[in-house]
Amino acid sequence: MEYPICVTCGVQYGAPRPDCPICEDERQYVGWDGQRWTSLEELRAAGHRGRAEEEGPDVVGIGTEPSTAIGQRALLVRAPSGNVLWDMVTHLDDDLVRQVNDLGGVSAIAISHPHFYGSMIEWAHAFDAPVYIHEADRRWVARPDDAVVFWEGDTHELADGLTLINAGVHFDGGQVLHWRDAGALFSGDILTVVNDRDWVSFMYSYPNHIPERPRTVRRALRLLEPYQFDRVYGAWWRKIVYTDGKNAVRRSADRYLSFALDDE
């Protein structure tokens with residue numbers, strides 16, 4: 001079966017449908033030419049191919065050329081306890097499966113938020129890996145499957161030193177991944193690394209420019225406080241805070257809140 005993929009957000013659905021609820025939500029948008037669909041078969045036939053290259057120490061970026069939909073790249077976190085694929089892309093083909101297997105395969109998948117769900121079930125089946133999603137985002141899973149593991153609460157330990165944190169920015173189930181031994185935070189679009197890579201920002205909607213609620217940003221800061229990290233890996237190629245990451249998040253939040261709460 002050729003599972004339908006929304007052209008605008010790149011999320012694969014389990015059955016044909018007329019609409020994409022993820023794009024119809026106010027945080028996203030329906031493409032300007034209306035709702036359009038594609039499939040992995042069509043993307044492969046159009047010449048899309050996988051891209052894998054180093055993004056940091058024991059971190060390999062996984063993307064697509066040319067890029068699809070939102071254009072994010074995933075990250076293969078090469079931890080001693082087993083590789084974790086952080087975030088997701090739409091594309092997958094046999095060559096990309098071979099490349100990832102040559103890097104040690106995938107033991108677990110975790111995705112920051114629904115805009116990046118991509119073809120997560122295809123990846124889960126290809127590598128026999130569970131997909132960890134926060135319970136608060138259950139309703140956004142577009143292709144339900146037994147591979148999806150829903151977790152609840154503020155934190156969830158994937159393995160020794162690898163912890164999912166429900167920061168709750170952008171989506172209620174928005175999660176980030178902390179890698180203790182590498183001093184790294186993988187933030188996706190939850191704490192997005194901006195073009196001035198010494199800073200991050202917090203948005204409810206990026207394409208529609210809706211700011212995140214201050215109380216949500218403050219909760220995220222409280223949950224991140226116990227964790228130390230130097231690097232912050234964002235959602236796009238080279239969108240990385242390379243040093244002093246924890247202070248970058250703090251001062252970014254201070255700056256954000258100073259503008260958001262200025263009622264003079």
# chains A, B, ... in the order shown; residues from 1 in each chain; ligands from 1
call {"tool": "residues_around", "arguments": {"residues": "stretch 249-259 of chain A", "least_positions_apart": "2", "cutoff": "10 Å", "atoms": "only C-alpha atoms", "output": "PDB file with N, CA, C and O atoms, in the first residue's frame"}}
result
ATOM      1  N   LEU A 191      12.795  24.127  21.563  1.00  0.00           N
ATOM      2  CA  LEU A 191      13.633  25.300  21.811  1.00  0.00           C
ATOM      3  C   LEU A 191      14.424  25.473  20.526  1.00  0.00           C
ATOM      4  O   LEU A 191      15.438  24.811  20.322  1.00  0.00           O
ATOM      5  N   THR A 192      13.948  26.292  19.615  1.00  0.00           N
ATOM      6  CA  THR A 192      14.554  26.319  18.292  1.00  0.00           C
ATOM      7  C   THR A 192      15.822  27.163  18.283  1.00  0.00           C
ATOM      8  O   THR A 192      15.848  28.278  18.820  1.00  0.00           O
ATOM      9  N   VAL A 193      16.891  26.618  17.724  1.00  0.00           N
ATOM     10  CA  VAL A 193      18.139  27.367  17.574  1.00  0.00           C
ATOM     11  C   VAL A 193      17.960  28.345  16.421  1.00  0.00           C
ATOM     12  O   VAL A 193      17.628  27.952  15.299  1.00  0.00           O
ATOM     13  N   ASP A 198      23.966  31.628  19.051  1.00  0.00           N
ATOM     14  CA  ASP A 198      24.187  31.722  20.494  1.00  0.00           C
ATOM     15  C   ASP A 198      22.869  31.807  21.255  1.00  0.00           C
ATOM     16  O   ASP A 198      22.866  31.980  22.476  1.00  0.00           O
ATOM     17  N   TRP A 199      21.757  31.689  20.544  1.00  0.00           N
ATOM     18  CA  TRP A 199      20.442  31.909  21.133  1.00  0.00           C
ATOM     19  C   TRP A 199      19.454  30.851  20.646  1.00  0.00           C
ATOM     20  O   TRP A 199      19.637  30.238  19.591  1.00  0.00           O
ATOM     21  N   VAL A 200      18.375  30.690  21.425  1.00  0.00           N
ATOM     22  CA  VAL A 200      17.231  29.891  21.006  1.00  0.00           C
ATOM     23  C   VAL A 200      15.978  30.745  21.163  1.00  0.00           C
ATOM     24  O   VAL A 200      16.028  31.840  21.714  1.00  0.00           O
ATOM     25  N   SER A 201      14.844  30.221  20.668  1.00  0.00           N
ATOM     26  CA  SER A 201      13.593  30.938  20.856  1.00  0.00           C
ATOM     27  C   SER A 201      12.466  29.947  21.084  1.00  0.00           C
ATOM     28  O   SER A 201      12.642  28.736  20.949  1.00  0.00           O
ATOM     29  N   PHE A 202      11.299  30.484  21.418  1.00  0.00           N
ATOM     30  CA  PHE A 202      10.162  29.676  21.864  1.00  0.00           C
ATOM     31  C   PHE A 202       8.906  30.194  21.155  1.00  0.00           C
ATOM     32  O   PHE A 202       8.529  31.337  21.350  1.00  0.00           O
ATOM     33  N   MET A 203       8.281  29.342  20.352  1.00  0.00           N
ATOM     34  CA  MET A 203       7.103  29.787  19.616  1.00  0.00           C
ATOM     35  C   MET A 203       6.004  28.734  19.673  1.00  0.00           C
ATOM     36  O   MET A 203       6.274  27.527  19.645  1.00  0.00           O
ATOM     37  N   PRO A 211       3.465  33.692  19.365  1.00  0.00           N
ATOM     38  CA  PRO A 211       4.434  33.458  20.451  1.00  0.00           C
ATOM     39  C   PRO A 211       3.930  32.422  21.448  1.00  0.00           C
ATOM     40  O   PRO A 211       2.722  32.219  21.600  1.00  0.00           O
ATOM     41  N   GLU A 212       4.860  31.759  22.103  1.00  0.00           N
ATOM     42  CA  GLU A 212       4.509  30.802  23.147  1.00  0.00           C
ATOM     43  C   GLU A 212       4.123  31.545  24.419  1.00  0.00           C
ATOM     44  O   GLU A 212       4.553  32.666  24.671  1.00  0.00           O
ATOM     45  N   ARG A 213       3.293  30.916  25.250  1.00  0.00           N
ATOM     46  CA  ARG A 213       2.833  31.517  26.494  1.00  0.00           C
ATOM     47  C   ARG A 213       3.971  31.563  27.516  1.00  0.00           C
ATOM     48  O   ARG A 213       4.690  30.563  27.687  1.00  0.00           O
ATOM     49  N   PRO A 214       4.139  32.689  28.197  1.00  0.00           N
ATOM     50  CA  PRO A 214       5.218  32.792  29.176  1.00  0.00           C
ATOM     51  C   PRO A 214       5.200  31.686  30.226  1.00  0.00           C
ATOM     52  O   PRO A 214       6.257  31.186  30.606  1.00  0.00           O
ATOM     53  N   ARG A 215       4.030  31.287  30.703  1.00  0.00           N
ATOM     54  CA  ARG A 215       3.990  30.242  31.734  1.00  0.00           C
ATOM     55  C   ARG A 215       4.527  28.913  31.189  1.00  0.00           C
ATOM     56  O   ARG A 215       5.118  28.118  31.936  1.00  0.00           O
ATOM     57  N   VAL A 217       6.916  28.641  28.838  1.00  0.00           N
ATOM     58  CA  VAL A 217       8.377  28.803  28.780  1.00  0.00           C
ATOM     59  C   VAL A 217       8.977  28.629  30.166  1.00  0.00           C
ATOM     60  O   VAL A 217      10.002  27.947  30.339  1.00  0.00           O
ATOM     61  N   ARG A 218       8.347  29.192  31.173  1.00  0.00           N
ATOM     62  CA  ARG A 218       8.865  29.069  32.546  1.00  0.00           C
ATOM     63  C   ARG A 218       8.836  27.620  33.020  1.00  0.00           C
ATOM     64  O   ARG A 218       9.769  27.158  33.693  1.00  0.00           O
ATOM     65  N   ALA A 220       9.116  24.967  31.132  1.00  0.00           N
ATOM     66  CA  ALA A 220      10.215  24.293  30.433  1.00  0.00           C
ATOM     67  C   ALA A 220      11.547  24.573  31.113  1.00  0.00           C
ATOM     68  O   ALA A 220      12.375  23.668  31.295  1.00  0.00           O
ATOM     69  N   LEU A 221      11.771  25.802  31.523  1.00  0.00           N
ATOM     70  CA  LEU A 221      13.029  26.151  32.197  1.00  0.00           C
ATOM     71  C   LEU A 221      13.175  25.400  33.520  1.00  0.00           C
ATOM     72  O   LEU A 221      14.269  24.934  33.860  1.00  0.00           O
ATOM     73  N   LEU A 224      14.214  21.837  32.815  1.00  0.00           N
ATOM     74  CA  LEU A 224      15.573  21.718  32.288  1.00  0.00           C
ATOM     75  C   LEU A 224      16.637  22.038  33.324  1.00  0.00           C
ATOM     76  O   LEU A 224      17.809  21.670  33.137  1.00  0.00           O
ATOM     77  N   GLU A 225      16.259  22.705  34.395  1.00  0.00           N
ATOM     78  CA  GLU A 225      17.241  23.195  35.368  1.00  0.00           C
ATOM     79  C   GLU A 225      18.181  22.112  35.897  1.00  0.00           C
ATOM     80  O   GLU A 225      19.389  22.352  36.045  1.00  0.00           O
ATOM     81  N   VAL A 232      23.425  22.596  22.083  1.00  0.00           N
ATOM     82  CA  VAL A 232      21.985  22.476  21.816  1.00  0.00           C
ATOM     83  C   VAL A 232      21.834  22.249  20.314  1.00  0.00           C
ATOM     84  O   VAL A 232      22.222  23.097  19.505  1.00  0.00           O
ATOM     85  N   VAL A 241      23.822  25.344  18.882  1.00  0.00           N
ATOM     86  CA  VAL A 241      24.565  26.156  19.855  1.00  0.00           C
ATOM     87  C   VAL A 241      25.757  25.297  20.279  1.00  0.00           C
ATOM     88  O   VAL A 241      25.572  24.236  20.868  1.00  0.00           O
ATOM     89  N   ASP A 244      28.321  26.621  25.811  1.00  0.00           N
ATOM     90  CA  ASP A 244      27.573  27.359  26.831  1.00  0.00           C
ATOM     91  C   ASP A 244      26.063  27.252  26.605  1.00  0.00           C
ATOM     92  O   ASP A 244      25.314  28.205  26.804  1.00  0.00           O
ATOM     93  N   GLY A 245      25.607  26.048  26.221  1.00  0.00           N
ATOM     94  CA  GLY A 245      24.217  25.865  25.824  1.00  0.00           C
ATOM     95  C   GLY A 245      23.209  26.168  26.914  1.00  0.00           C
ATOM     96  O   GLY A 245      22.180  26.787  26.656  1.00  0.00           O
ATOM     97  N   LYS A 246      23.508  25.745  28.141  1.00  0.00           N
ATOM     98  CA  LYS A 246      22.523  25.963  29.198  1.00  0.00           C
ATOM     99  C   LYS A 246      22.330  27.453  29.465  1.00  0.00           C
ATOM    100  O   LYS A 246      21.192  27.929  29.619  1.00  0.00           O
ATOM    101  N   ASN A 247      23.427  28.190  29.498  1.00  0.00           N
ATOM    102  CA  ASN A 247      23.301  29.640  29.693  1.00  0.00           C
ATOM    103  C   ASN A 247      22.632  30.294  28.494  1.00  0.00           C
ATOM    104  O   ASN A 247      21.902  31.286  28.650  1.00  0.00           O
ATOM    105  N   LEU A 261       6.365  40.073  28.109  1.00  0.00           N
ATOM    106  CA  LEU A 261       5.652  40.588  29.285  1.00  0.00           C
ATOM    107  C   LEU A 261       5.761  42.091  29.461  1.00  0.00           C
ATOM    108  O   LEU A 261       5.302  42.631  30.456  1.00  0.00           O
ATOM    109  N   ASP A 262       6.340  42.789  28.497  1.00  0.00           N
ATOM    110  CA  ASP A 262       6.471  44.246  28.591  1.00  0.00           C
ATOM    111  C   ASP A 262       5.116  44.886  28.301  1.00  0.00           C
ATOM    112  O   ASP A 262       4.648  44.901  27.162  1.00  0.00           O
ATOM    113  N   ASP A 263       4.453  45.397  29.360  1.00  0.00           N
ATOM    114  CA  ASP A 263       3.140  46.017  29.175  1.00  0.00           C
ATOM    115  C   ASP A 263       3.153  47.508  29.465  1.00  0.00           C
ATOM    116  O   ASP A 263       2.143  48.096  29.802  1.00  0.00           O
TER     117      ASP A 263
END
call {"tool": "residues_around", "arguments": {"residues": "A:Val176", "least_positions_apart": "5", "cutoff": "7 Å", "atoms": "only C-alpha atoms", "output": "list in words"}}
result
Ser112, Leu164, Ile165, Asn166, Ala167, Phe186 and Ser187 of chain A
call {"tool": "atom_distance", "arguments": {"atom1": "atom CA of A:Asp25", "atom2": "atom CA of A:Ala69"}}
result
16.2 Å
call {"tool": "closest_residue", "arguments": {"among": "A:Ala260, A:Cys20, A:Ala182, A:Val97", "to": "A:Pro4", "atoms": "only C-alpha atoms"}}
result
A:Cys20
call {"tool": "closest_residue", "arguments": {"among": "A:Thr68, A:Thr155, A:Gln228, A:Thr8", "to": "A:Arg36", "atoms": "only C-alpha atoms"}}
result
A:Thr8
call {"tool": "atom_distance", "arguments": {"atom1": "atom CA of A:Ala136", "atom2": "atom CA of A:Arg17"}}
result
23.4 Å
